[in-house]
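**Student:** So that you have it, the file is run-v7.cif, and it contains mmCIF, C-alpha atoms:
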```cif
data_work
loop_
_atom_site.label_atom_id
_atom_site.label_comp_id
_atom_site.auth_asym_id
_atom_site.auth_seq_id
_atom_site.Cartn_x
_atom_site.Cartn_y
_atom_site.Cartn_z
CA MET K 1 109.71 114.10 122.48
CA THR K 2 106.83 111.60 122.34
CA ASP K 3 105.07 112.87 119.21
CA PRO K 4 107.33 113.21 116.14
CA TRP K 5 104.78 115.45 114.42
CA VAL K 6 105.02 118.12 117.15
CA ALA K 7 107.87 120.59 116.72
CA LEU K 8 108.68 121.29 120.39
CA ALA K 9 108.25 119.33 123.58
CA ALA K 10 106.81 121.29 126.49
CA ASP K 11 110.19 121.47 128.27
CA THR K 12 112.23 122.54 125.20
CA ASP K 13 113.73 126.02 125.07
CA PRO K 14 112.51 127.60 121.78
CA GLY K 15 115.52 129.90 121.40
CA GLU K 16 118.04 127.13 121.88
CA ARG K 17 116.27 124.82 119.45
CA MET K 18 115.91 127.59 116.89
CA GLY K 19 119.67 128.14 116.89
CA ALA K 20 120.38 124.44 116.49
CA LEU K 21 117.90 124.17 113.63
CA ARG K 22 119.45 127.14 111.81
CA ARG K 23 122.85 125.49 112.00
CA ALA K 24 121.40 122.20 110.76
CA HIS K 25 119.63 124.03 107.92
CA GLU K 26 122.87 125.68 106.83
CA VAL K 27 124.67 122.34 106.86
CA PHE K 28 121.93 120.74 104.77
CA THR K 29 121.63 123.53 102.21
CA SER K 30 125.40 123.82 101.80
CA ALA K 31 126.51 120.18 102.12
CA GLY K 32 123.32 118.14 101.73
CA ARG K 33 123.84 116.47 105.09
CA LEU K 34 121.11 116.00 107.68
CA GLU K 35 122.11 116.54 111.31
CA ARG K 36 120.40 116.56 114.67
CA PRO K 37 118.07 117.94 115.95
CA VAL K 38 116.12 117.75 112.66
CA ARG K 39 113.00 115.62 113.06
CA THR K 40 112.46 112.77 110.61
CA VAL K 41 109.36 114.35 109.05
CA VAL K 42 111.30 117.58 108.48
CA GLY K 43 114.44 115.85 107.18
CA GLU K 44 112.41 113.84 104.67
CA SER K 45 110.67 117.03 103.58
CA TRP K 46 114.01 118.86 103.16
CA LEU K 47 115.19 115.99 100.96
CA ARG K 48 112.05 116.22 98.81
CA SER K 49 112.48 120.01 98.62
CA ALA K 50 116.08 119.60 97.47
CA ARG K 51 115.08 116.99 94.87
CA ALA K 52 112.47 119.44 93.58
CA ARG K 53 115.28 122.04 93.29
CA VAL K 54 113.57 124.52 95.61
CA SER K 55 115.89 127.44 96.33
CA PRO K 56 116.16 128.13 100.09
CA ASP K 57 116.24 131.84 99.31
CA GLY K 58 113.29 131.75 96.91
CA ALA K 59 109.66 132.71 97.35
CA PRO K 60 106.38 131.08 96.29
CA VAL K 61 104.72 132.39 93.14
CA VAL K 62 101.22 133.86 93.00
CA GLU K 63 99.44 131.65 90.46
CA PHE K 64 95.93 133.11 90.65
CA GLY K 65 95.15 136.70 89.80
CA ALA K 66 92.17 138.42 91.38
CA ASP K 67 89.96 137.64 88.37
CA GLU K 68 90.77 133.90 88.53
CA LEU K 69 90.80 133.43 92.31
CA GLY K 70 87.19 134.43 93.00
CA PRO K 71 85.46 132.00 90.61
CA TYR K 72 87.85 129.16 91.52
CA ARG K 73 87.22 129.67 95.25
CA GLU K 74 83.47 129.80 94.88
CA ALA K 75 83.43 126.51 92.99
CA HIS K 76 85.81 124.72 95.36
CA PRO K 77 84.28 122.12 97.75
CA LEU K 78 85.95 123.79 100.75
CA ALA K 79 84.02 127.03 100.17
CA ARG K 80 81.06 125.41 101.91
CA ALA K 81 83.17 124.80 105.01
CA MET K 82 84.55 128.31 105.41
CA PRO K 83 81.79 129.44 107.83
CA VAL K 84 82.78 126.60 110.19
CA ILE K 85 86.50 127.36 109.80
CA ARG K 86 85.94 131.07 110.53
CA GLU K 87 83.76 130.28 113.54
CA LEU K 88 86.38 127.96 115.04
CA MET K 89 89.55 129.82 114.08
CA GLY K 90 88.70 133.45 113.32
CA ALA K 91 88.84 134.90 116.82
CA TYR K 92 91.80 132.71 117.78
CA ALA K 93 93.79 133.99 114.80
CA THR K 94 92.90 137.65 115.29
CA ASP K 95 93.36 137.74 119.06
CA GLY K 96 96.63 135.79 118.89
CA GLU K 97 98.04 137.86 116.01
CA HIS K 98 98.00 134.74 113.83
CA LEU K 99 96.68 133.89 110.39
CA LEU K 100 94.27 131.19 109.34
CA ALA K 101 94.75 129.85 105.83
CA VAL K 102 93.03 127.27 103.66
CA CYS K 103 94.66 125.85 100.53
CA ASP K 104 93.55 123.46 97.80
CA ALA K 105 95.13 120.08 97.08
CA HIS K 106 97.79 121.80 94.95
CA GLY K 107 98.88 123.93 97.91
CA ARG K 108 97.40 127.12 96.46
CA LEU K 109 96.20 129.46 99.20
CA LEU K 110 92.52 130.19 98.67
CA TRP K 111 91.78 132.06 101.90
CA VAL K 112 94.24 133.91 104.18
CA GLU K 113 92.55 135.74 107.06
CA GLY K 114 93.37 136.96 110.55
CA HIS K 115 95.37 139.69 112.24
CA ALA K 116 95.94 142.68 109.93
CA ALA K 117 99.58 143.28 110.91
CA ALA K 118 100.37 139.58 110.52
CA ARG K 119 98.82 139.62 107.03
CA ARG K 120 101.02 142.55 106.03
CA ARG K 121 104.14 140.78 107.28
CA ALA K 122 103.17 137.54 105.60
CA GLY K 123 102.60 139.38 102.33
CA ALA K 124 106.34 140.09 102.16
CA MET K 125 106.98 136.37 101.64
CA ASN K 126 103.95 135.86 99.36
CA PHE K 127 101.87 134.06 101.96
CA VAL K 128 98.85 135.54 100.25
CA GLU K 129 95.70 134.33 98.54
CA GLY K 130 96.47 132.85 95.14
CA ALA K 131 100.08 131.88 95.96
CA ARG K 132 101.16 128.27 95.70
CA TRP K 133 102.72 126.79 98.84
CA ALA K 134 103.02 123.19 97.71
CA GLU K 135 106.14 121.54 99.09
CA SER K 136 107.50 121.05 95.56
CA VAL K 137 107.69 124.83 95.03
CA ALA K 138 107.81 126.32 98.55
CA GLY K 139 109.80 123.67 100.38
CA THR K 140 108.96 122.50 103.88
CA ASN K 141 105.95 124.37 105.30
CA ALA K 142 102.94 123.18 107.26
CA PRO K 143 100.16 123.31 104.61
CA GLY K 144 102.40 122.04 101.81
CA THR K 145 103.96 119.28 103.89
CA ALA K 146 100.61 118.25 105.41
CA ILE K 147 99.33 117.65 101.87
CA ALA K 148 102.54 115.87 100.83
CA VAL K 149 102.42 113.36 103.72
CA ASP K 150 98.61 113.45 104.14
CA ARG K 151 98.60 114.01 107.88
CA PRO K 152 98.70 116.92 110.35
CA VAL K 153 102.13 118.45 110.86
CA GLN K 154 103.71 121.36 112.74
CA VAL K 155 106.69 123.30 111.36
CA PHE K 156 108.76 125.52 113.64
CA ALA K 157 111.06 128.40 112.62
CA ALA K 158 114.17 127.11 110.78
CA GLU K 159 112.46 123.82 110.02
CA HIS K 160 111.01 125.77 107.09
CA PHE K 161 113.07 125.17 103.98
CA LEU K 162 112.79 128.77 102.75
CA ARG K 163 114.90 131.17 104.81
CA PRO K 164 112.42 134.09 104.51
CA VAL K 165 109.80 131.89 106.22
CA GLN K 166 111.94 130.92 109.21
CA GLN K 167 110.58 133.66 111.45
CA TRP K 168 107.20 131.89 111.39
CA THR K 169 105.71 128.78 113.00
CA CYS K 170 102.72 126.98 111.52
CA ALA K 171 100.53 123.92 111.99
CA ALA K 172 98.27 122.40 109.34
CA ALA K 173 96.03 119.40 108.78
CA PRO K 174 94.83 117.94 105.48
CA LEU K 175 91.13 118.10 104.63
CA HIS K 176 89.50 115.11 102.96
CA ASP K 177 86.31 114.46 101.05
CA PRO K 178 84.37 112.53 103.71
CA HIS K 179 82.98 110.05 101.17
CA THR K 180 85.96 109.35 98.91
CA GLY K 181 88.83 110.05 101.32
CA ARG K 182 90.57 112.20 98.72
CA VAL K 183 92.57 115.23 99.83
CA LEU K 184 90.75 118.49 99.11
CA GLY K 185 93.34 120.80 100.66
CA ALA K 186 94.55 121.79 104.11
CA VAL K 187 93.70 124.15 106.96
CA ASP K 188 96.59 126.05 108.55
CA ILE K 189 97.34 128.34 111.46
CA THR K 190 100.45 130.52 111.01
CA GLY K 191 102.08 132.93 113.44
CA GLY K 192 105.02 133.45 115.74
CA ASP K 193 106.81 131.32 118.31
CA ARG K 194 103.73 131.11 120.51
CA LEU K 195 102.33 128.54 118.08
CA ALA K 196 105.31 126.25 118.82
CA HIS K 197 103.19 124.22 121.20
CA PRO K 198 101.46 120.81 120.88
CA HIS K 199 98.11 122.56 121.36
CA SER K 200 98.31 124.28 117.96
CA LEU K 201 98.64 120.93 116.17
CA ALA K 202 95.76 119.45 118.16
CA PHE K 203 93.73 122.57 117.35
CA VAL K 204 94.04 122.27 113.57
CA GLN K 205 93.36 118.52 113.79
CA ALA K 206 90.10 119.26 115.61
CA VAL K 207 89.17 121.91 113.03
CA ALA K 208 89.88 119.45 110.20
CA ARG K 209 87.58 116.86 111.78
CA ALA K 210 84.84 119.45 112.16
CA VAL K 211 85.22 120.52 108.53
CA GLU K 212 85.00 116.95 107.25
CA SER K 213 81.91 116.33 109.40
CA GLN K 214 80.30 119.46 108.01
CA LEU K 215 81.07 118.41 104.43
CA ALA K 216 79.52 115.01 105.10
CA LEU K 217 76.32 116.69 106.28
CA LEU K 218 76.20 119.07 103.34
CA ALA K 219 76.87 116.44 100.66
CA PRO K 220 75.56 112.96 101.53
CA ALA K 221 77.16 110.11 99.64
CA VAL K 222 75.46 109.16 96.38
CA ALA K 223 75.98 106.22 94.09
CA ASP K 224 78.08 107.14 91.10
CA GLY K 225 77.65 104.75 88.20
CA GLY K 226 80.44 106.46 86.27
CA SER K 227 83.21 105.58 88.67
CA VAL K 228 86.21 103.40 87.81
CA ARG K 229 87.68 100.77 90.13
CA LEU K 230 91.43 100.60 90.76
CA SER K 231 92.89 97.61 92.64
CA ALA K 232 96.53 98.06 93.67
CA LEU K 233 96.82 96.41 97.10
CA GLY K 234 98.79 93.18 97.25
CA ARG K 235 99.74 93.22 93.57
CA ASP K 236 102.68 94.61 91.60
CA GLU K 237 100.53 95.33 88.55
CA ALA K 238 97.31 97.19 89.30
CA LEU K 239 93.96 96.26 87.78
CA LEU K 240 91.70 98.97 86.39
CA VAL K 241 88.04 98.12 85.80
CA ALA K 242 86.09 100.65 83.73
CA GLY K 243 82.68 99.42 82.67
CA ASP K 244 83.23 96.12 80.90
CA ARG K 245 86.94 96.80 80.38
CA ARG K 246 89.50 95.12 82.65
CA ILE K 247 92.97 96.58 82.13
CA ARG K 248 96.03 95.04 83.72
CA LEU K 249 98.55 97.86 83.98
CA SER K 250 102.34 97.70 83.78
CA ARG K 251 104.25 98.51 86.93
CA ARG K 252 105.04 102.08 85.87
CA HIS K 253 101.48 102.69 84.66
CA SER K 254 100.24 101.29 87.98
CA GLU K 255 102.39 103.84 89.84
CA ILE K 256 101.05 106.67 87.68
CA LEU K 257 97.43 105.64 88.29
CA VAL K 258 98.01 105.40 92.04
CA ALA K 259 99.53 108.90 92.09
CA LEU K 260 96.68 110.38 90.03
CA ALA K 261 93.95 108.54 91.94
CA ARG K 262 95.24 110.14 95.15
CA ARG K 263 95.15 113.60 93.57
CA PRO K 264 91.97 113.98 91.50
CA GLU K 265 92.72 117.68 90.98
CA GLY K 266 95.78 116.60 88.99
CA LEU K 267 99.56 116.83 89.12
CA SER K 268 102.04 118.77 87.04
CA GLY K 269 104.79 116.96 85.18
CA ASP K 270 107.35 118.05 87.77
CA GLU K 271 105.18 116.79 90.63
CA LEU K 272 104.71 113.44 88.91
CA LEU K 273 108.47 113.11 88.40
CA ILE K 274 109.01 113.55 92.15
CA GLU K 275 106.28 111.02 92.95
CA LEU K 276 107.54 108.37 90.53
CA TYR K 277 111.32 108.45 90.19
CA GLU K 278 114.02 107.95 92.81
CA ASP K 279 116.63 109.28 90.36
CA GLU K 280 116.22 113.05 90.16
CA SER K 281 118.10 113.12 86.85
CA VAL K 282 115.29 111.36 84.95
CA PRO K 283 114.34 113.74 82.12
CA PRO K 284 110.71 114.92 81.73
CA VAL K 285 110.58 113.36 78.25
CA THR K 286 110.75 109.89 79.86
CA LEU K 287 107.61 110.60 81.86
CA ARG K 288 105.83 112.15 78.88
CA ALA K 289 106.49 109.01 76.85
CA GLU K 290 105.00 106.83 79.62
CA LEU K 291 101.95 109.08 79.85
CA SER K 292 101.49 108.99 76.09
CA ARG K 293 101.48 105.18 76.14
CA LEU K 294 99.08 105.16 79.07
CA ARG K 295 96.70 107.57 77.30
CA ARG K 296 96.62 105.28 74.25
CA LEU K 297 95.79 102.37 76.54
CA LEU K 298 93.10 104.11 78.58
CA GLY K 299 91.73 106.54 76.03
CA PRO K 300 91.57 110.35 76.17
CA ASP K 301 88.39 110.34 78.29
CA LEU K 302 90.15 108.64 81.20
CA LEU K 303 93.48 110.50 81.21
CA HIS K 304 93.68 114.27 80.79
CA SER K 305 96.65 116.63 80.78
CA ARG K 306 97.59 120.14 81.97
CA PRO K 307 97.59 119.11 84.74
CA TYR K 308 97.72 115.34 84.41
CA ARG K 309 94.54 113.97 85.98
CA LEU K 310 91.92 111.26 85.67
CA GLY K 311 88.78 112.22 83.78
CA VAL K 312 86.35 110.20 85.94
CA PRO K 313 86.03 109.41 89.65
CA VAL K 314 88.23 106.49 90.67
CA ASP K 315 87.32 104.14 93.52
CA ALA K 316 90.71 102.85 94.69
CA ASP K 317 91.02 99.93 97.11
CA PHE K 318 93.64 101.76 99.18
CA ASP K 319 91.22 104.70 99.60
CA THR K 320 88.60 102.23 100.85
CA VAL K 321 90.98 101.04 103.58
CA ALA K 322 91.79 104.62 104.58
CA ARG K 323 88.11 105.63 104.73
CA ARG K 324 87.19 102.67 106.89
CA LEU K 325 90.09 103.32 109.23
CA GLY K 326 89.11 106.96 109.47
CA SER K 327 85.61 105.98 110.59
CA GLY K 328 86.95 103.52 113.17
CA ALA K 329 85.84 100.43 111.23
CA VAL K 330 89.07 98.51 111.86
CA ALA K 331 87.73 95.06 110.99
CA ALA K 332 86.23 96.35 107.74
CA ALA K 333 89.50 98.10 106.89
CA LEU K 334 91.44 94.88 107.44
CA GLY K 335 88.91 93.03 105.30
CA ALA K 336 89.58 95.42 102.41
CA TYR K 337 93.36 95.20 102.80
CA ALA K 338 94.66 92.70 100.24
CA GLY K 339 98.31 93.38 101.04
CA PRO K 340 100.92 96.13 100.69
CA LEU K 341 100.34 98.73 97.98
CA LEU K 342 102.26 97.78 94.79
CA PRO K 343 104.80 95.88 96.95
CA GLY K 344 107.54 95.79 94.31
CA SER K 345 107.38 99.52 93.55
CA ARG K 346 110.18 101.85 94.59
CA ALA K 347 108.43 105.02 93.40
CA PRO K 348 108.81 107.50 96.30
CA GLY K 349 105.13 108.48 96.35
CA VAL K 350 104.00 104.86 96.32
CA VAL K 351 106.48 103.86 99.03
CA ARG K 352 105.25 106.68 101.31
CA LEU K 353 101.62 105.75 100.79
CA ARG K 354 102.35 102.03 101.21
CA HIS K 355 104.05 102.62 104.56
CA ARG K 356 101.35 105.00 105.75
CA ILE K 357 98.45 102.65 104.98
CA ALA K 358 100.15 99.59 106.47
CA GLY K 359 101.43 101.54 109.50
CA GLU K 360 98.06 103.06 110.33
CA LEU K 361 96.23 99.77 109.90
CA ARG K 362 98.64 97.75 112.04
CA ALA K 363 98.63 100.48 114.70
CA ALA K 364 94.83 100.37 114.78
CA LEU K 365 94.92 96.57 115.11
CA ILE K 366 97.39 96.72 117.99
CA ALA K 367 95.33 99.42 119.73
CA ARG K 368 92.12 97.40 119.27
CA GLY K 369 93.75 94.28 120.78
CA ASP K 370 91.29 91.86 119.16
CA PRO K 371 93.07 88.47 118.94
CA GLY K 372 91.15 87.44 115.82
CA LEU K 373 92.08 90.57 113.90
CA LEU K 374 95.67 90.45 115.13
CA ALA K 375 95.93 86.82 114.01
CA ASP K 376 94.62 87.69 110.55
CA TRP K 377 97.50 90.14 110.17
CA ALA K 378 100.17 88.01 111.87
CA TYR K 379 99.49 84.92 109.74
CA SER K 380 99.38 86.87 106.47
CA PRO K 381 102.42 86.93 104.13
CA TRP K 382 103.12 90.56 105.07
CA GLY K 383 102.65 90.03 108.80
CA GLU K 384 104.54 86.82 109.44
CA GLU K 385 107.65 88.70 110.65
CA ASP K 386 105.85 91.65 112.25
CA LEU K 387 107.23 91.37 115.78
CA ALA K 388 105.03 94.13 117.26
CA VAL K 389 101.84 92.44 116.05
CA TRP K 390 102.97 89.01 117.25
CA ARG K 391 103.69 90.51 120.68
CA ALA K 392 100.26 92.10 120.76
CA LEU K 393 98.68 88.81 119.68
CA ALA K 394 100.53 86.88 122.40
CA GLY K 395 99.26 89.34 124.98
CA ALA K 396 95.65 89.22 123.76
CA ALA K 397 95.25 85.51 122.96
CA PRO K 398 93.58 82.97 125.29
CA ALA K 399 95.88 81.32 127.83
CA GLU K 400 95.97 77.98 126.03
CA ARG K 401 97.50 79.56 122.92
CA ARG K 402 99.90 81.90 124.68
CA ALA K 403 102.87 79.53 125.06
CA ALA K 404 103.10 78.85 121.31
CA LEU K 405 102.72 82.51 120.48
CA LEU K 406 105.38 83.56 122.97
CA ALA K 407 107.74 81.03 121.40
CA ARG K 408 107.11 82.68 118.04
CA VAL K 409 107.82 86.08 119.59
CA ARG K 410 111.10 84.86 121.06
CA GLY K 411 112.12 83.41 117.69
CA LEU K 412 111.39 86.66 115.85
CA ASP K 413 113.14 88.61 118.60
CA ALA K 414 116.29 86.54 118.13
CA GLU K 415 116.15 86.75 114.33
CA GLN K 416 115.69 90.50 114.30
CA GLY K 417 118.17 91.17 117.09
CA CYS K 418 115.69 93.23 119.09
#
```
Rewrite the coordinates I just gave you, this time as structure tokens.
**Tutor:**
Amino acid sequence: MTDPWVALAADTDPGERMGALRRAHEVFTSAGRLERPVRTVVGESWLRSARARVSPDGAPVVEFGADELGPYREAHPLARAMPVIRELMGAYATDGEHLLAVCDAHGRLLWVEGHAAARRRAGAMNFVEGARWAESVAGTNAPGTAIAVDRPVQVFAAEHFLRPVQQWTCAAAPLHDPHTGRVLGAVDITGGDRLAHPHSLAFVQAVARAVESQLALLAPAVADGGSVRLSALGRDEALLVAGDRRIRLSRRHSEILVALARRPEGLSGDELLIELYEDESVPPVTLRAELSRLRRLLGPDLLHSRPYRLGVPVDADFDTVARRLGSGAVAAALGAYAGPLLPGSRAPGVVRLRHRIAGELRAALIARGDPGLLADWAYSPWGEEDLAVWRALAGAAPAERRAALLARVRGLDAEQGC
């Protein structure tokens, strides 16, 4: 399989793979051991689901009643994009006996539409408007996992963590604010085995791009004098600049600010625990104490609770890199990249984001093949042992520099045993 985010290769037998996945799921839920053929993205999601103590026989909870859902939906930024989503996905969902769904950044389903019989079947597992399908409460599923890893993902049959969901296949892509890069939610297509095809993932990716383009047209970027600047790239202790205040944060407070800056809608205490602590036995009181100290440092106007969230827009340097990459401005993205995100942090959420930003940037540099940009990365502290970038640089550099660069490649190759 060439794309790890696609559930099935074109030549894979769905029935055979489904059986193997069910056996692997039983092994994991009974013994905590990951076995083939579980994809890396799914295995990592199962581990997060287990750490969040999601029961494989459980069901998501409906958090919004009818009286709360309507006003919340109308005020949500994605409401303006629903005409585009319905135009692109409505007929496909109905004709294919599928469902289209849109959730917010907390994984709460705001719209579930499509084939009537499929909606009735999905209702039995609470795949309904108002239910929360975040990975931390519903385990591995396309919309919840797409939000958790912030990229499109396909989930097939027994790759779902919840057993009642394993008769379904789904593909989802996160939706971002086109100006800030922040996750607003996700768009999802859910149905039967016929969706276990690379085309369904490509389809939701295309819809997500169309939605973000539409949002950019509807809400042009405006200057916001009330924003706060967070710098966390290339430094273990982040710097927060709010007006004339410059606050150097402790390592743990830096991790909290990074987590909250990524999720302006806020995070629950349980979600923050998963983002911040490798040790799942850390008690909630430890986190509450850290948040109390951080609130005293920042002030109540900057840090709110229930859920924990930042009270003003935050312009984070890692979001700047992601926005520029998303628009194809590779040189500008590299110019904004001051180094790995909180390089000394081991907080799971920070580590995932650090790897994603660095991985996407270096992949874009290699694809661009510009020797100047490749050299900027290769000769940086974080790129001096990056064999793939040095190889790309050796291939792109002028002939007179190639011998020295190839010698460096051979040296790294020997050191790394590749």
**Student:** When distances are computed from all atoms listed in the file, which of K:His179, K:His304, K:Arg252, K:Arg410 shows the smallest separation from Thr320 in chain K?
**Tutor:**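 Nearest candidate to Thr320 in chain K out of K:His179, K:His304, K:Arg252, K:Arg410: K:His179.
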**Student:** Please identify all polymer residues within 10 Å of Ala364 in chain K, counting all atoms listed in the file, omitting same-chain residues fewer than 2 positions from it, and present them as number ranges by chain.
**Tutor:** K: 325, 328-331, 333-334, 358-362, 366-369, 374
**Student:** Ranking K:Ala50, K:Leu310, K:Leu195, K:Ala242 by minimum distance to Gly32 in chain K and counting only C-alpha atoms, which one comes first?
**Tutor:**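 The answer is K:Ala50, which sits nearest to Gly32 in chain K.
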**Student:** If you count all atoms listed in the file, which residues fall within 12 Å of Ile256 in chain K, apart from same-chain ones fewer than 3 positions away, as a PyMOL selection string?
**Tutor:** chain K and resi 230+232+237-238+249-253+259-263+266-267+269+271-277+287-288+290-295+303+308-310+342+345+347-350
**Student:** Find the residue from K:Asp270, K:Ala186, K:Ile85, K:Gly311 that sits nearest to Val285 in chain K; use all atoms listed in the file when measuring.
**Tutor:**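 Result for the nearest residue to Val285 in chain K: K:Asp270.
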**Student:** Using all atoms listed in the file, find the one residue out of K:Arg246, K:Asp370, K:Leu69, K:Gly114 that sits nearest to Ala91 in chain K.
**Tutor:**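 Using all atoms listed in the file, the shortest distance to Ala91 in chain K belongs to K:Gly114.
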